[in-house]
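Peer 1: I'm passing along entry29.txt; it holds compact mmCIF, C-alpha atoms and all ligand atoms.
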```
# COMPACT_ATOMS: atom_id res chain seq x y z
CA MET A 20 28.55 12.86 -13.84
CA THR A 21 28.47 13.89 -17.52
CA GLN A 22 25.26 13.90 -19.55
CA ASN A 23 26.45 10.81 -21.48
CA GLU A 24 27.21 8.92 -18.28
CA THR A 25 23.77 9.78 -16.90
CA GLN A 26 22.16 8.63 -20.14
CA ASN A 27 24.09 5.33 -20.08
CA GLU A 28 23.16 4.72 -16.48
CA THR A 29 19.48 5.36 -17.26
CA GLN A 30 19.60 2.93 -20.18
CA ASN A 31 21.31 0.25 -18.07
CA GLU A 32 18.69 0.64 -15.35
CA ALA A 33 15.83 0.40 -17.85
CA ARG A 34 17.36 -2.78 -19.31
CA SER A 35 17.63 -4.51 -15.93
CA TRP A 36 14.11 -3.50 -14.78
CA THR A 37 11.46 -6.19 -14.68
CA ALA A 38 8.00 -4.96 -13.85
CA THR A 39 7.21 -8.00 -11.71
CA ARG A 40 8.13 -9.19 -8.24
CA THR A 41 8.02 -12.50 -6.42
CA LEU A 42 6.14 -11.87 -3.20
CA GLY A 43 8.74 -12.72 -0.56
CA ARG A 44 9.33 -16.43 -0.09
CA SER A 45 5.84 -17.45 -1.23
CA GLY A 46 6.68 -17.88 -4.92
CA ILE A 47 3.61 -15.76 -5.75
CA GLU A 48 4.30 -13.51 -8.72
CA VAL A 49 2.87 -9.97 -8.74
CA SER A 50 3.27 -6.81 -10.77
CA ALA A 51 5.85 -4.49 -9.19
CA LEU A 52 2.98 -2.05 -8.61
CA GLY A 53 -0.11 -2.95 -6.62
CA ILE A 54 -3.26 -0.90 -6.17
CA GLY A 55 -4.54 0.11 -2.73
CA CYS A 56 -8.30 -0.12 -2.14
CA TRP A 57 -8.81 1.92 1.03
CA ALA A 58 -10.38 4.99 -0.60
CA ILE A 59 -12.82 2.96 -2.72
CA GLY A 60 -14.43 1.63 0.46
CA GLY A 61 -16.26 4.97 0.74
CA PRO A 62 -17.18 6.53 4.08
CA TRP A 63 -16.91 4.57 7.35
CA THR A 64 -16.01 5.21 10.96
CA MET A 65 -13.58 3.53 13.31
CA GLY A 66 -14.23 3.93 17.00
CA GLY A 67 -16.59 6.77 16.06
CA SER A 68 -14.05 8.77 13.99
CA GLN A 69 -14.12 9.22 10.21
CA ALA A 70 -11.82 6.64 8.64
CA GLY A 71 -12.80 6.75 4.95
CA TRP A 72 -11.97 9.10 2.12
CA GLY A 73 -15.45 10.49 1.51
CA ALA A 74 -18.02 9.53 -1.08
CA VAL A 75 -17.07 7.29 -3.98
CA ASP A 76 -18.74 6.11 -7.17
CA ASP A 77 -18.58 2.29 -7.12
CA ASP A 78 -18.93 1.99 -10.89
CA GLU A 79 -15.97 4.31 -11.37
CA SER A 80 -14.02 2.31 -8.76
CA VAL A 81 -14.62 -0.90 -10.72
CA ARG A 82 -13.62 0.83 -13.96
CA ALA A 83 -10.45 2.10 -12.25
CA LEU A 84 -9.52 -1.39 -11.08
CA HIS A 85 -10.15 -2.74 -14.59
CA ALA A 86 -7.99 0.05 -16.06
CA ALA A 87 -5.18 -0.93 -13.68
CA MET A 88 -5.48 -4.57 -14.78
CA ALA A 89 -5.44 -3.55 -18.43
CA ALA A 90 -2.21 -1.65 -17.72
CA GLY A 91 -0.53 -4.72 -16.25
CA VAL A 92 -1.34 -4.48 -12.54
CA THR A 93 -2.08 -7.88 -10.97
CA PHE A 94 -1.86 -7.08 -7.24
CA PHE A 95 -4.65 -5.50 -5.17
CA ASP A 96 -4.58 -4.63 -1.48
CA THR A 97 -7.74 -4.14 0.57
CA ALA A 98 -8.97 -4.76 4.13
CA ALA A 99 -12.14 -5.91 5.82
CA ASN A 100 -12.12 -2.50 7.52
CA TYR A 101 -12.32 -0.34 4.39
CA GLY A 102 -15.94 0.75 4.21
CA ALA A 103 -16.67 -2.05 6.75
CA GLY A 104 -16.66 -4.64 3.96
CA HIS A 105 -17.55 -2.35 1.07
CA SER A 106 -14.08 -2.18 -0.49
CA GLU A 107 -13.83 -5.97 -0.54
CA ARG A 108 -17.21 -6.18 -2.25
CA VAL A 109 -16.21 -3.65 -4.92
CA LEU A 110 -12.90 -5.45 -5.48
CA GLY A 111 -14.83 -8.74 -5.69
CA ARG A 112 -17.01 -7.21 -8.41
CA ALA A 113 -13.94 -6.06 -10.32
CA VAL A 114 -12.17 -9.44 -10.26
CA ALA A 115 -15.25 -11.56 -11.03
CA GLY A 116 -14.36 -13.78 -13.99
CA ARG A 117 -10.65 -12.89 -13.71
CA ARG A 118 -9.77 -14.31 -10.32
CA ASP A 119 -6.88 -16.42 -11.59
CA ASP A 120 -5.27 -13.37 -13.21
CA VAL A 121 -4.95 -11.40 -9.97
CA VAL A 122 -3.35 -11.66 -6.54
CA LEU A 123 -5.59 -10.48 -3.70
CA ALA A 124 -4.35 -9.18 -0.36
CA THR A 125 -6.72 -8.29 2.45
CA LYS A 126 -6.49 -7.61 6.19
CA PHE A 127 -8.19 -8.62 9.41
CA GLY A 128 -8.01 -7.85 13.12
CA TYR A 129 -10.82 -5.38 13.85
CA GLY A 130 -14.51 -5.73 14.65
CA VAL A 131 -16.18 -5.01 11.30
CA ARG A 132 -19.90 -4.20 11.51
CA ASP A 133 -20.70 -5.20 7.93
CA GLY A 134 -23.55 -3.17 6.48
CA GLU A 135 -23.24 -0.53 9.20
CA ARG A 136 -20.21 1.27 7.81
CA ARG A 137 -18.45 1.10 11.16
CA VAL A 138 -15.59 -0.75 12.81
CA GLU A 139 -15.29 -1.16 16.58
CA GLY A 140 -12.62 -2.83 18.71
CA LEU A 141 -10.28 -5.73 18.03
CA ALA A 142 -11.09 -9.17 16.61
CA VAL A 143 -7.93 -11.23 16.99
CA THR A 144 -8.87 -14.45 18.75
CA PRO A 145 -8.40 -17.63 16.67
CA ASP A 146 -12.18 -17.78 16.15
CA ASP A 147 -12.22 -14.11 15.10
CA VAL A 148 -9.48 -14.72 12.53
CA ARG A 149 -11.32 -17.67 11.01
CA ALA A 150 -14.64 -15.78 10.95
CA SER A 151 -12.96 -12.75 9.39
CA LEU A 152 -11.46 -14.89 6.64
CA ALA A 153 -14.85 -16.47 5.90
CA ALA A 154 -16.45 -13.02 5.61
CA SER A 155 -13.65 -11.69 3.38
CA LEU A 156 -13.86 -14.71 1.07
CA ARG A 157 -17.61 -14.17 0.75
CA ARG A 158 -17.28 -10.47 -0.03
CA LEU A 159 -14.39 -10.99 -2.46
CA GLY A 160 -16.26 -13.84 -4.15
CA THR A 161 -13.35 -16.23 -3.93
CA ASP A 162 -12.20 -19.45 -2.24
CA ARG A 163 -8.77 -18.19 -1.23
CA VAL A 164 -6.96 -15.07 -0.08
CA ASP A 165 -3.47 -14.84 -1.55
CA LEU A 166 -2.05 -12.64 1.20
CA PHE A 167 -3.89 -12.36 4.53
CA GLN A 168 -2.50 -9.55 6.66
CA LEU A 169 -2.84 -8.71 10.32
CA HIS A 170 -4.10 -5.12 10.29
CA VAL A 171 -3.44 -4.19 13.93
CA GLY A 172 0.00 -2.61 13.67
CA ASP A 173 0.65 -2.39 17.41
CA LEU A 174 -0.92 -5.65 18.55
CA ASP A 175 0.57 -7.21 21.68
CA PRO A 176 3.33 -9.48 20.34
CA ALA A 177 2.25 -12.35 22.61
CA VAL A 178 -1.23 -12.23 21.04
CA SER A 179 0.33 -12.11 17.59
CA ASP A 180 1.97 -15.49 18.26
CA ASP A 181 -1.50 -17.07 18.55
CA VAL A 182 -2.64 -15.23 15.40
CA ARG A 183 0.40 -16.51 13.54
CA ALA A 184 -0.39 -20.10 14.58
CA VAL A 185 -3.95 -19.81 13.19
CA LEU A 186 -2.60 -18.32 9.97
CA GLU A 187 -0.24 -21.28 9.54
CA ASP A 188 -3.28 -23.58 9.93
CA LEU A 189 -5.22 -21.60 7.32
CA VAL A 190 -2.31 -21.85 4.89
CA ALA A 191 -2.16 -25.61 5.46
CA ALA A 192 -5.91 -25.78 4.76
CA GLY A 193 -5.48 -23.87 1.47
CA SER A 194 -7.84 -20.94 2.12
CA VAL A 195 -4.87 -18.58 2.58
CA ARG A 196 -1.72 -18.80 0.42
CA ALA A 197 0.60 -16.62 2.51
CA TYR A 198 0.38 -14.04 5.27
CA GLY A 199 2.01 -10.91 6.65
CA TRP A 200 1.64 -8.10 9.16
CA SER A 201 0.85 -4.50 8.38
CA THR A 202 3.10 -2.86 10.95
CA ASP A 203 5.80 -0.21 11.11
CA ASP A 204 7.38 -1.93 14.09
CA LEU A 205 10.51 -3.89 13.21
CA ALA A 206 10.47 -6.13 16.30
CA ARG A 207 6.88 -7.19 15.59
CA ALA A 208 7.64 -7.83 11.90
CA ARG A 209 10.64 -9.94 12.89
CA ARG A 210 8.60 -11.99 15.37
CA PHE A 211 5.86 -12.73 12.80
CA ALA A 212 8.44 -13.67 10.16
CA ALA A 213 9.38 -16.72 12.24
CA GLY A 214 6.29 -18.36 10.72
CA PRO A 215 7.30 -20.28 7.58
CA ALA A 216 4.37 -18.98 5.47
CA CYS A 217 4.89 -15.35 6.51
CA THR A 218 5.95 -13.62 3.31
CA ALA A 219 5.47 -9.85 3.62
CA VAL A 220 5.51 -6.80 5.83
CA GLN A 221 3.21 -3.95 4.85
CA HIS A 222 4.66 -0.68 6.10
CA GLN A 223 4.75 3.05 5.42
CA LEU A 224 7.26 4.06 2.76
CA ASN A 225 7.50 7.08 0.53
CA VAL A 226 10.12 9.53 -0.63
CA LEU A 227 9.65 11.66 2.49
CA GLU A 228 9.30 8.73 4.91
CA ASP A 229 12.14 6.31 4.34
CA ASN A 230 12.52 3.16 6.45
CA PRO A 231 15.99 1.67 5.80
CA GLU A 232 15.82 -0.70 8.77
CA MET A 233 12.57 -2.32 7.64
CA LEU A 234 13.81 -2.61 4.05
CA ALA A 235 17.06 -4.22 5.19
CA PHE A 236 15.09 -6.66 7.33
CA CYS A 237 12.76 -7.60 4.44
CA GLU A 238 15.72 -8.22 2.15
CA GLN A 239 17.56 -10.30 4.73
CA ALA A 240 14.49 -12.34 5.73
CA GLY A 241 13.26 -12.91 2.17
CA LEU A 242 10.05 -10.92 2.68
CA ALA A 243 8.23 -8.55 0.35
CA SER A 244 7.99 -4.92 1.45
CA ILE A 245 4.47 -3.81 0.58
CA ASP A 246 4.60 -0.05 0.66
CA ARG A 247 1.57 1.86 1.84
CA GLY A 248 1.10 5.62 1.62
CA PRO A 249 3.47 5.79 -1.38
CA LEU A 250 1.88 9.06 -2.53
CA GLY A 251 1.56 10.63 0.92
CA MET A 252 -2.23 10.28 0.71
CA GLY A 253 -2.21 12.37 -2.48
CA LEU A 254 0.27 15.06 -1.40
CA LEU A 255 3.07 13.53 -3.48
CA THR A 256 1.01 13.93 -6.65
CA GLY A 257 1.59 17.68 -6.39
CA LYS A 258 -2.10 18.52 -6.79
CA TYR A 259 -2.67 19.71 -3.24
CA ASP A 260 -1.45 23.15 -2.39
CA ASP A 261 -2.58 25.56 0.30
CA GLY A 262 -6.06 25.68 -1.22
CA ALA A 263 -6.90 21.99 -0.56
CA ALA A 264 -10.32 21.42 0.98
CA PHE A 265 -11.63 17.97 1.88
CA ALA A 266 -15.16 16.76 2.55
CA ALA A 267 -15.96 16.40 6.24
CA ASP A 268 -16.08 12.60 5.91
CA ASP A 269 -12.60 12.45 4.31
CA VAL A 270 -10.04 11.20 6.85
CA ARG A 271 -7.64 13.87 5.55
CA ALA A 272 -9.93 16.62 6.87
CA GLY A 273 -9.66 15.46 10.47
CA GLY A 274 -6.89 16.23 12.88
CA ALA A 275 -5.92 12.62 13.73
CA ALA A 276 -2.63 12.47 15.62
CA TRP A 277 -1.10 10.06 13.06
CA MET A 278 -1.92 12.31 10.09
CA ARG A 279 1.39 13.84 8.97
CA TYR A 280 0.64 14.84 5.40
CA PHE A 281 -2.25 17.16 6.17
CA VAL A 282 -2.74 19.31 9.24
CA ASP A 283 -6.38 20.16 9.98
CA GLY A 284 -7.24 19.40 6.37
CA ARG A 285 -4.48 21.51 4.84
CA PRO A 286 -1.20 20.30 3.33
CA ASN A 287 1.63 20.19 5.83
CA PRO A 288 3.80 23.16 4.71
CA GLU A 289 7.00 21.37 5.70
CA TRP A 290 6.08 18.49 3.39
CA LEU A 291 5.29 20.90 0.56
CA ARG A 292 8.70 22.49 0.99
CA ARG A 293 10.49 19.12 0.86
CA ILE A 294 8.46 18.01 -2.17
CA ALA A 295 9.46 21.22 -3.98
CA ALA A 296 13.11 20.43 -3.24
CA VAL A 297 13.01 17.03 -5.00
CA ARG A 298 10.42 17.73 -7.69
CA GLU A 299 12.94 18.26 -10.49
CA VAL A 300 14.71 14.92 -9.89
CA LEU A 301 11.44 12.99 -9.49
CA THR A 302 9.91 14.41 -12.67
CA SER A 303 12.98 13.89 -14.84
CA GLY A 304 12.70 11.57 -17.83
CA GLY A 305 9.07 12.54 -18.46
CA ARG A 306 7.64 11.16 -15.21
CA THR A 307 4.82 12.86 -13.38
CA LEU A 308 5.57 13.67 -9.74
CA ALA A 309 3.50 10.66 -8.60
CA GLN A 310 5.36 8.38 -11.01
CA GLY A 311 8.65 9.76 -9.68
CA ALA A 312 7.55 9.00 -6.12
CA LEU A 313 6.83 5.38 -7.12
CA ALA A 314 10.14 5.19 -9.00
CA TRP A 315 11.94 6.27 -5.82
CA ILE A 316 10.38 3.32 -3.94
CA TRP A 317 11.48 0.79 -6.57
CA ALA A 318 14.98 2.25 -6.48
CA ARG A 319 15.18 1.81 -2.71
CA SER A 320 15.03 -1.99 -2.83
CA PRO A 321 14.20 -4.84 -5.22
CA VAL A 322 11.71 -6.25 -2.69
CA THR A 323 9.42 -3.19 -2.68
CA VAL A 324 5.86 -3.26 -4.03
CA PRO A 325 4.19 0.19 -3.72
CA ILE A 326 0.40 0.12 -3.52
CA PRO A 327 -0.92 3.60 -4.42
CA GLY A 328 -4.61 4.09 -3.73
CA VAL A 329 -6.77 5.19 -6.66
CA ARG A 330 -10.32 6.48 -7.04
CA THR A 331 -10.60 7.04 -10.79
CA VAL A 332 -9.62 5.51 -14.13
CA ALA A 333 -7.32 8.47 -14.79
CA GLN A 334 -5.44 7.89 -11.53
CA ALA A 335 -5.15 4.15 -12.14
CA GLU A 336 -3.74 4.70 -15.63
CA ALA A 337 -1.36 7.43 -14.48
CA ASP A 338 -0.01 5.37 -11.58
CA ALA A 339 0.30 2.19 -13.65
CA GLY A 340 2.17 4.31 -16.21
CA ALA A 341 5.05 4.40 -13.71
CA LEU A 342 5.77 0.74 -14.57
CA ALA A 343 7.04 1.74 -18.01
CA HIS A 344 9.60 4.14 -16.51
CA GLY A 345 10.94 1.80 -13.81
CA PRO A 346 13.06 2.90 -10.85
CA LEU A 347 15.14 6.03 -10.41
CA THR A 348 18.83 5.49 -11.10
CA PRO A 349 21.23 5.11 -8.15
CA ALA A 350 22.55 8.60 -8.93
CA GLN A 351 19.03 10.07 -8.81
CA LEU A 352 18.35 8.24 -5.56
CA ALA A 353 21.51 9.70 -4.05
CA GLU A 354 20.56 13.15 -5.33
CA VAL A 355 17.14 12.96 -3.65
CA SER A 356 18.83 11.94 -0.42
CA ARG A 357 21.27 14.86 -0.70
CA LEU A 358 18.48 17.36 -1.41
CA LEU A 359 16.53 16.14 1.62
CA GLY A 360 19.61 16.46 3.79
CA GLY A 361 20.16 12.68 4.12
N1 LIG B 401 -2.63 0.22 8.17
C1 LIG B 401 -2.65 -0.20 6.94
O1 LIG B 401 -2.57 -1.39 6.67
C2 LIG B 401 -2.74 0.80 5.81
C3 LIG B 401 -2.72 2.18 6.08
C4 LIG B 401 -2.73 3.06 5.01
C5 LIG B 401 -2.81 2.59 3.71
N2 LIG B 401 -2.87 1.23 3.47
C6 LIG B 401 -2.93 0.69 2.09
O2 LIG B 401 -2.09 1.49 1.24
C7 LIG B 401 -2.85 2.00 0.16
C8 LIG B 401 -2.29 3.33 -0.31
O3 LIG B 401 -2.00 4.24 0.73
P1 LIG B 401 -2.88 5.51 1.03
O4 LIG B 401 -4.28 5.15 0.78
O5 LIG B 401 -2.48 5.97 2.36
O6 LIG B 401 -2.55 6.64 0.01
P2 LIG B 401 -1.57 6.95 -1.20
O7 LIG B 401 -1.44 5.79 -2.08
O8 LIG B 401 -0.35 7.58 -0.66
O9 LIG B 401 -2.44 8.08 -1.94
C9 LIG B 401 -3.57 7.67 -2.66
C10 LIG B 401 -4.45 8.84 -3.06
O10 LIG B 401 -3.75 9.76 -3.87
C11 LIG B 401 -4.61 10.25 -4.89
N3 LIG B 401 -4.02 9.80 -6.18
C12 LIG B 401 -3.60 8.56 -6.51
N4 LIG B 401 -3.06 8.53 -7.75
C13 LIG B 401 -3.15 9.79 -8.22
C14 LIG B 401 -2.76 10.40 -9.43
N5 LIG B 401 -2.16 9.70 -10.39
N6 LIG B 401 -3.02 11.72 -9.59
C15 LIG B 401 -3.61 12.43 -8.62
N7 LIG B 401 -4.01 11.91 -7.43
C16 LIG B 401 -3.77 10.60 -7.24
C17 LIG B 401 -5.99 9.66 -4.63
O11 LIG B 401 -6.75 10.45 -3.71
P3 LIG B 401 -7.57 11.77 -4.04
O12 LIG B 401 -7.97 11.73 -5.47
O13 LIG B 401 -8.71 11.78 -3.11
O14 LIG B 401 -6.62 12.86 -3.71
C18 LIG B 401 -5.63 8.39 -3.90
O15 LIG B 401 -6.66 7.86 -3.12
C19 LIG B 401 -4.29 2.05 0.72
O16 LIG B 401 -5.26 2.12 -0.29
C20 LIG B 401 -4.33 0.76 1.48
O17 LIG B 401 -4.52 -0.34 0.60
C21 LIG B 401 -2.82 0.36 4.50
```
I need this file expressed as structure tokens, please.
Peer 2:
Amino acid sequence: MTQNETQNETQNEARSWTATRTLGRSGIEVSALGIGCWAIGGPWTMGGSQAGWGAVDDDESVRALHAAMAAGVTFFDTAANYGAGHSERVLGRAVAGRRDDVVLATKFGYGVRDGERRVEGLAVTPDDVRASLAASLRRLGTDRVDLFQLHVGDLDPAVSDDVRAVLEDLVAAGSVRAYGWSTDDLARARRFAAGPACTAVQHQLNVLEDNPEMLAFCEQAGLASIDRGPLGMGLLTGKYDDGAAFAADDVRAGGAAWMRYFVDGRPNPEWLRRIAAVREVLTSGGRTLAQGALAWIWARSPVTVPIPGVRTVAQAEADAGALAHGPLTPAQLAEVSRLLGG
């Protein structure tokens, strides 16, 4: 492709880019970028293991969420788990007085010991789901959750049928507008989507962890793809090299089996190598590496909504800055795939 052709393609892409999305079949409008609120929950444990991202400054978290809103972000994703209720409270503080300007997603399914900073076991009976919603509404300071998501990614599908039935009741009652499942399992996502008010799947997606099957399913079923881990827990920002050192209560320091980005608290060298291979394409056009990683997600499908986590105003502004650039071009997407051996 000549330089002129590349330039034309970039201009055409920028023209067709709208920085908003309709959330699946719900009709709910959101910014194409959401903000993830896991880290701002502060420290907590799950089944006795560290599950938070270390200490946080709540005032800075609120300022970061306000900065995201000022930059056009309207969608925020949290969970009852994060900080065992703390993240929801901080988000509630941030949206006080602006509730109608934002779309709030939260999650349920675990035994949250509010005030104790710990989560133990499952909470997925119909009574549990209703009680969890009541607690989330209280902490968020609202009368409705826009997107209520089942957090237990590997829940027994037969149990999920009962959960889905309760969620349909809650939608009919008006305290939930739409629901989804945070799962990487296609069969489970498909089963949940049989519910008429199911509108989204939250799943892992980033430039080094593609999921074409889930994206194709979301497109075909009319669901939003809410993309977690879009920055590889910080690795795709380029700031972590071999010298990274995390606090002991940061989940990235531990050696959890599911942790792919960091190994025993250090960046996974294989990931660093692959990031180096695509850095030039991702940072073209004046994007930071993180903005390029978000642009890759938008280029993958028009139903994607990446939800990078942030801890500071600077991160919120930098990530929201990706909205102005829009998606990578099809040629850049193909180039990334080629460089990664796809
Ligand atoms: N099972 C589930 O449902 C599930 C699982 C995982 C995540 N999620 C959701 O997805 C959201 C995002 O995924 P994630 O938390 O795994 O991580 P991520 O979005 O891939 O990475 C977020 C982290 O990267 C760093 N960062 C963000 N923007 C930056 C910037 N511009 N410059 C430098 N560093 C930056 C921050 O951490 P540091 O400053 O500490 O490096 C931030 O906490 C979560 O908050 C949560 O809402 C859901």
Peer 1: Output the neighbourhood of ligand LIG 401 (chain B) as a PyMOL selection string, that is, all protein and nucleic acid residues with some atom at most 7 Å from the ligand, counting all atoms listed in the file.
Peer 2: chain A and resi 54-58+72+96-97+170+172+201+221+246-253+256+258+309+326-330+333-335+337-338
Peer 1: Save out the residues we just selected, C-alpha atoms, as a CSV table (one decimal), keeping the file's coordinate frame.
Peer 2:
```csv
chain,number,residue,atom,x,y,z
A,54,ILE,CA,-3.3,-0.9,-6.2
A,55,GLY,CA,-4.5,0.1,-2.7
A,56,CYS,CA,-8.3,-0.1,-2.1
A,57,TRP,CA,-8.8,1.9,1.0
A,58,ALA,CA,-10.4,5.0,-0.6
A,72,TRP,CA,-12.0,9.1,2.1
A,96,ASP,CA,-4.6,-4.6,-1.5
A,97,THR,CA,-7.7,-4.1,0.6
A,170,HIS,CA,-4.1,-5.1,10.3
A,172,GLY,CA,0.0,-2.6,13.7
A,201,SER,CA,0.8,-4.5,8.4
A,221,GLN,CA,3.2,-4.0,4.8
A,246,ASP,CA,4.6,0.0,0.7
A,247,ARG,CA,1.6,1.9,1.8
A,248,GLY,CA,1.1,5.6,1.6
A,249,PRO,CA,3.5,5.8,-1.4
A,250,LEU,CA,1.9,9.1,-2.5
A,251,GLY,CA,1.6,10.6,0.9
A,252,MET,CA,-2.2,10.3,0.7
A,253,GLY,CA,-2.2,12.4,-2.5
A,256,THR,CA,1.0,13.9,-6.6
A,258,LYS,CA,-2.1,18.5,-6.8
A,309,ALA,CA,3.5,10.7,-8.6
A,326,ILE,CA,0.4,0.1,-3.5
A,327,PRO,CA,-0.9,3.6,-4.4
A,328,GLY,CA,-4.6,4.1,-3.7
A,329,VAL,CA,-6.8,5.2,-6.7
A,330,ARG,CA,-10.3,6.5,-7.0
A,333,ALA,CA,-7.3,8.5,-14.8
A,334,GLN,CA,-5.4,7.9,-11.5
A,335,ALA,CA,-5.2,4.2,-12.1
A,337,ALA,CA,-1.4,7.4,-14.5
A,338,ASP,CA,0.0,5.4,-11.6
```
Peer 1: Restricting the calculation to all atoms listed in the file, which member of A:Leu234, A:Val297, A:Val324, A:Ala318 is positioned closest to Pro349 of chain A?
Peer 2: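 Of A:Leu234, A:Val297, A:Val324, A:Ala318, the one nearest Pro349 of chain A, counting all atoms listed in the file, is A:Ala318.
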Peer 1: How many Å separate atom CA of Gly273 of chain A from atom CA of Ser244 of chain A?
Peer 2: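 One can read the atom CA of Gly273 of chain A to atom CA of Ser244 of chain A distance as 28.4 Å.
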Peer 1: From the options A:Val300, A:Val171, A:Leu205, A:Ile245, which residue's atoms come nearest to Leu224 of chain A, counting all atoms listed in the file?
Peer 2: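 Among A:Val300, A:Val171, A:Leu205, A:Ile245, it is A:Ile245 that comes nearest to Leu224 of chain A.
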Peer 1: Please report the interatomic distance between atom CA of Leu123 of chain A and atom CA of Glu48 of chain A in Å with one decimal.
Peer 2: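 The value is 11.5 Å.
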Peer 1: Please provide the set of residues having any atom within 8 Å of Ala212 of chain A, restricted to only C-alpha atoms, with same-chain residues fewer than 6 positions apart removed, written as a ChimeraX atom specification.
Peer 2: /A:199,218,240
Peer 1: Find the residues near segment 182-198 of chain A: any atom within 10 Å, counting only C-alpha atoms, skip ones fewer than 5 places away on the same chain, and give them as JSON, numbers by chain.
Peer 2: {"A": [42, 43, 44, 45, 46, 47, 124, 125, 126, 128, 143, 144, 145, 146, 147, 148, 149, 152, 153, 156, 161, 162, 163, 164, 165, 166, 167, 168, 169, 176, 177, 210, 211, 212, 213, 214, 215, 216, 217, 218, 219, 220]}
Peer 1: Could you pull segment 87-99 of chain A out of the structure just shown and give N, CA, C and O atoms as a PDB file, in the first residue's frame?
Peer 2:
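To be explicit, this is the file written out as result_23.pdb:
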```
ATOM      1  N   ALA A  87     -12.551  10.966  33.604  1.00  0.00           N
ATOM      2  CA  ALA A  87     -13.042  10.125  32.497  1.00  0.00           C
ATOM      3  C   ALA A  87     -14.371  10.677  31.979  1.00  0.00           C
ATOM      4  O   ALA A  87     -14.582  10.780  30.762  1.00  0.00           O
ATOM      5  N   MET A  88     -15.255  11.056  32.896  1.00  0.00           N
ATOM      6  CA  MET A  88     -16.556  11.607  32.472  1.00  0.00           C
ATOM      7  C   MET A  88     -16.358  12.894  31.674  1.00  0.00           C
ATOM      8  O   MET A  88     -16.997  13.101  30.635  1.00  0.00           O
ATOM      9  N   ALA A  89     -15.445  13.730  32.156  1.00  0.00           N
ATOM     10  CA  ALA A  89     -15.197  15.007  31.467  1.00  0.00           C
ATOM     11  C   ALA A  89     -14.663  14.759  30.060  1.00  0.00           C
ATOM     12  O   ALA A  89     -14.864  15.562  29.152  1.00  0.00           O
ATOM     13  N   ALA A  90     -14.011  13.613  29.866  1.00  0.00           N
ATOM     14  CA  ALA A  90     -13.438  13.284  28.555  1.00  0.00           C
ATOM     15  C   ALA A  90     -14.413  12.485  27.696  1.00  0.00           C
ATOM     16  O   ALA A  90     -14.034  11.972  26.651  1.00  0.00           O
ATOM     17  N   GLY A  91     -15.653  12.344  28.154  1.00  0.00           N
ATOM     18  CA  GLY A  91     -16.673  11.716  27.309  1.00  0.00           C
ATOM     19  C   GLY A  91     -17.028  10.285  27.651  1.00  0.00           C
ATOM     20  O   GLY A  91     -17.830   9.662  26.962  1.00  0.00           O
ATOM     21  N   VAL A  92     -16.447   9.733  28.702  1.00  0.00           N
ATOM     22  CA  VAL A  92     -16.764   8.350  29.076  1.00  0.00           C
ATOM     23  C   VAL A  92     -18.072   8.329  29.882  1.00  0.00           C
ATOM     24  O   VAL A  92     -18.227   9.089  30.840  1.00  0.00           O
ATOM     25  N   THR A  93     -18.989   7.452  29.470  1.00  0.00           N
ATOM     26  CA  THR A  93     -20.278   7.366  30.191  1.00  0.00           C
ATOM     27  C   THR A  93     -20.510   5.990  30.801  1.00  0.00           C
ATOM     28  O   THR A  93     -21.522   5.764  31.455  1.00  0.00           O
ATOM     29  N   PHE A  94     -19.587   5.044  30.569  1.00  0.00           N
ATOM     30  CA  PHE A  94     -19.835   3.655  30.974  1.00  0.00           C
ATOM     31  C   PHE A  94     -18.809   3.210  32.011  1.00  0.00           C
ATOM     32  O   PHE A  94     -17.599   3.371  31.795  1.00  0.00           O
ATOM     33  N   PHE A  95     -19.272   2.656  33.131  1.00  0.00           N
ATOM     34  CA  PHE A  95     -18.392   2.263  34.229  1.00  0.00           C
ATOM     35  C   PHE A  95     -18.732   0.853  34.676  1.00  0.00           C
ATOM     36  O   PHE A  95     -19.895   0.536  34.929  1.00  0.00           O
ATOM     37  N   ASP A  96     -17.697   0.022  34.788  1.00  0.00           N
ATOM     38  CA  ASP A  96     -17.879  -1.383  35.147  1.00  0.00           C
ATOM     39  C   ASP A  96     -17.247  -1.666  36.502  1.00  0.00           C
ATOM     40  O   ASP A  96     -16.049  -1.446  36.705  1.00  0.00           O
ATOM     41  N   THR A  97     -18.058  -2.162  37.450  1.00  0.00           N
ATOM     42  CA  THR A  97     -17.508  -2.553  38.740  1.00  0.00           C
ATOM     43  C   THR A  97     -18.063  -3.931  39.111  1.00  0.00           C
ATOM     44  O   THR A  97     -18.583  -4.640  38.263  1.00  0.00           O
ATOM     45  N   ALA A  98     -17.917  -4.313  40.379  1.00  0.00           N
ATOM     46  CA  ALA A  98     -18.440  -5.591  40.867  1.00  0.00           C
ATOM     47  C   ALA A  98     -18.569  -5.485  42.375  1.00  0.00           C
ATOM     48  O   ALA A  98     -17.783  -4.770  43.022  1.00  0.00           O
ATOM     49  N   ALA A  99     -19.534  -6.217  42.914  1.00  0.00           N
ATOM     50  CA  ALA A  99     -19.672  -6.257  44.373  1.00  0.00           C
ATOM     51  C   ALA A  99     -18.372  -6.752  45.006  1.00  0.00           C
ATOM     52  O   ALA A  99     -17.967  -6.318  46.083  1.00  0.00           O
TER      53      ALA A  99
END
```
